[in-house]
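Trainee: Next up is a structure, given as structure tokens.
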Amino acid sequence: MSTPNKDLDKVEVRIKWDPSDQGEAPNDLDIIAATYPADEPYGSPAYLVHFDSRAPDGTITLDRDSRTGQGLGYDEVMTLELNRLSDAYARVVVGVAIQQRDGRKTFGAIEHTGVQVREGYTTLAEDDFSAVRGATAAVVAEFVRDESGGWHFHGTVRGFDGDPEEFAAAMGGRAFGA
């Protein structure tokens, strides 16, 4: 799922899934972006963007949030304006986590999951999470700034088993495979 695209400007990460069956706890997937400083790109994130937060400078925004997966098309959409991101940041990792408040759910337990990474009308990557069926979260994209300031996309789907908070803390670290 990788591509040689570089010098990215404005990227969208979109996810979709089917709602749970009637009477079951809702399927709630969330996009999480972690921004890493240039002086420590594999340390702790400088900040996270998810359903309850935003980038301090407005460069990463959650444009659509769903707690159930109901509706047509993509249920959640996050926009990353990499061209506006401060030079203080050299890496952004994007993941998808399944809320675990009503018991353990994995990607394999949720019907018709999918992720798409786009720049404009160009699809950089798509995946259906089938390779990480037993996971509760997954990294879906990594954007890295090179020495000239251009951004490069590394498409990947790496599964993680744990709650969303644990995932957010680990998703960009070397130990997780980033």
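Letters A, B, ... go to the chains of the structure tokens in the order shown; residues in each chain start at 1; ligands are counted from 1 in the same order.
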Run DSSP on the backbone of this structure and report the residues of chain A it assigns to helix (DSSP H, G or I), as a list of chain:residue names.
Mentor: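 Result set for chain A (helix (DSSP H, G or I)): A:Leu82, A:Asn83, A:Arg84, A:Phe107, A:Gly108, A:Ala109, A:Ser130, A:Ala131, A:Val132, A:Pro164, A:Glu165, A:Glu166, A:Phe167, A:Ala168, A:Ala169, A:Ala170, A:Arg174, A:Ala175, A:Phe176.
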Trainee: Could you take the residues named above and write them with N, CA and C atoms, as a compact mmCIF listing (two decimals), in the first residue's frame?
Mentor:
```
# COMPACT_ATOMS: atom_id res chain seq x y z
N LEU A 82 -0.86 19.54 5.13
CA LEU A 82 0.57 19.35 5.37
C LEU A 82 1.38 20.57 4.93
N ASN A 83 0.95 21.21 3.86
CA ASN A 83 1.66 22.39 3.34
C ASN A 83 1.64 23.56 4.32
N ARG A 84 0.72 23.57 5.27
CA ARG A 84 0.62 24.64 6.27
C ARG A 84 1.23 24.25 7.61
N PHE A 107 -11.71 -5.36 13.98
CA PHE A 107 -12.12 -5.02 12.61
C PHE A 107 -12.90 -6.18 11.97
N GLY A 108 -12.53 -7.42 12.31
CA GLY A 108 -13.23 -8.57 11.75
C GLY A 108 -14.68 -8.69 12.19
N ALA A 109 -15.03 -8.06 13.30
CA ALA A 109 -16.40 -8.12 13.82
C ALA A 109 -17.29 -7.02 13.25
N SER A 130 -8.85 -6.14 6.21
CA SER A 130 -8.92 -7.60 6.27
C SER A 130 -7.61 -8.22 6.75
N ALA A 131 -6.49 -7.57 6.52
CA ALA A 131 -5.20 -8.11 6.96
C ALA A 131 -5.01 -7.95 8.48
N VAL A 132 -5.84 -7.12 9.10
CA VAL A 132 -5.73 -6.89 10.55
C VAL A 132 -7.07 -7.18 11.22
N PRO A 164 -8.13 2.61 22.61
CA PRO A 164 -7.71 3.78 21.84
C PRO A 164 -6.62 4.63 22.51
N GLU A 165 -6.66 4.76 23.83
CA GLU A 165 -5.63 5.55 24.52
C GLU A 165 -4.25 4.90 24.41
N GLU A 166 -4.19 3.59 24.60
CA GLU A 166 -2.91 2.87 24.46
C GLU A 166 -2.40 2.98 23.03
N PHE A 167 -3.32 2.85 22.09
CA PHE A 167 -2.94 2.94 20.67
C PHE A 167 -2.38 4.32 20.34
N ALA A 168 -3.04 5.38 20.79
CA ALA A 168 -2.60 6.74 20.49
C ALA A 168 -1.20 6.99 21.03
N ALA A 169 -0.89 6.41 22.19
CA ALA A 169 0.43 6.60 22.79
C ALA A 169 1.50 5.81 22.05
N ALA A 170 1.15 4.69 21.44
CA ALA A 170 2.14 3.80 20.82
C ALA A 170 2.22 3.87 19.31
N ARG A 174 8.84 3.57 17.35
CA ARG A 174 9.63 2.55 16.64
C ARG A 174 9.24 1.15 17.06
N ALA A 175 8.89 0.96 18.34
CA ALA A 175 8.54 -0.36 18.83
C ALA A 175 7.28 -0.89 18.15
N PHE A 176 6.41 0.01 17.70
CA PHE A 176 5.18 -0.40 17.03
C PHE A 176 5.43 -0.74 15.58
```
Trainee: From the list A:Leu8, A:Ile15, A:Ile31, A:Val94, which residue is nearest A:Thr113 when using only C-alpha atoms?
Mentor: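 Among A:Leu8, A:Ile15, A:Ile31, A:Val94, it is A:Ile15 that comes nearest to A:Thr113.
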Trainee: Skipping near chain neighbours, those fewer than 3 positions away, what residues fall within 10 Å of A:Ile60 using only C-alpha atoms, listed as a PyMOL selection string?
Mentor: chain A and resi 10-12+33-35+48-50+53-57+63+78-82+84-85
Trainee: Identify, on the basis of only C-alpha atoms, every residue whose closest approach to A:His112 does not exceed 9 Å; exclude the query and any residue fewer than 6 positions from it along the same chain; express the result as an NGL selection string.
Mentor: :A and (16-18 or 128)
Trainee: Quick one: DSSP strand (DSSP E or B) residues in chain A, as a PyMOL selection string?
Mentor: chain A and resi 6+10-16+29-37+47-49+60-64+76-81+89-98+114-119+122-127+137-145+151-160
Trainee: For atom CA of A:Phe153 and atom CA of A:Lys105, determine how far apart the two atoms are, in Å to one decimal place.
Mentor: 28.8 Å
Trainee: Ranking A:Gln70, A:Ser44, A:Thr59, A:Gln116 by minimum distance to A:Arg14 and counting only C-alpha atoms, which one comes first?
Mentor: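 Closest to A:Arg14, using only C-alpha atoms: A:Gln116.
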Trainee: Counting only C-alpha atoms, which residue out of A:Thr156, A:Thr68, A:Thr136, A:Gln22 sits closest to A:Leu124?
Mentor: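 Of A:Thr156, A:Thr68, A:Thr136, A:Gln22, the one nearest A:Leu124 is A:Thr156, counting only C-alpha atoms.
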Trainee: Which polymer residues have any atom within 9 Å of an atom of stretch 139-150 of chain A, counting only C-alpha atoms, with same-chain residues fewer than 4 positions away left out, as a VMD selection string?
Mentor: chain A and resid 6 to 9 13 38 82 to 83 87 89 to 97 115 to 117 125 127 154 to 160 171 to 172 178
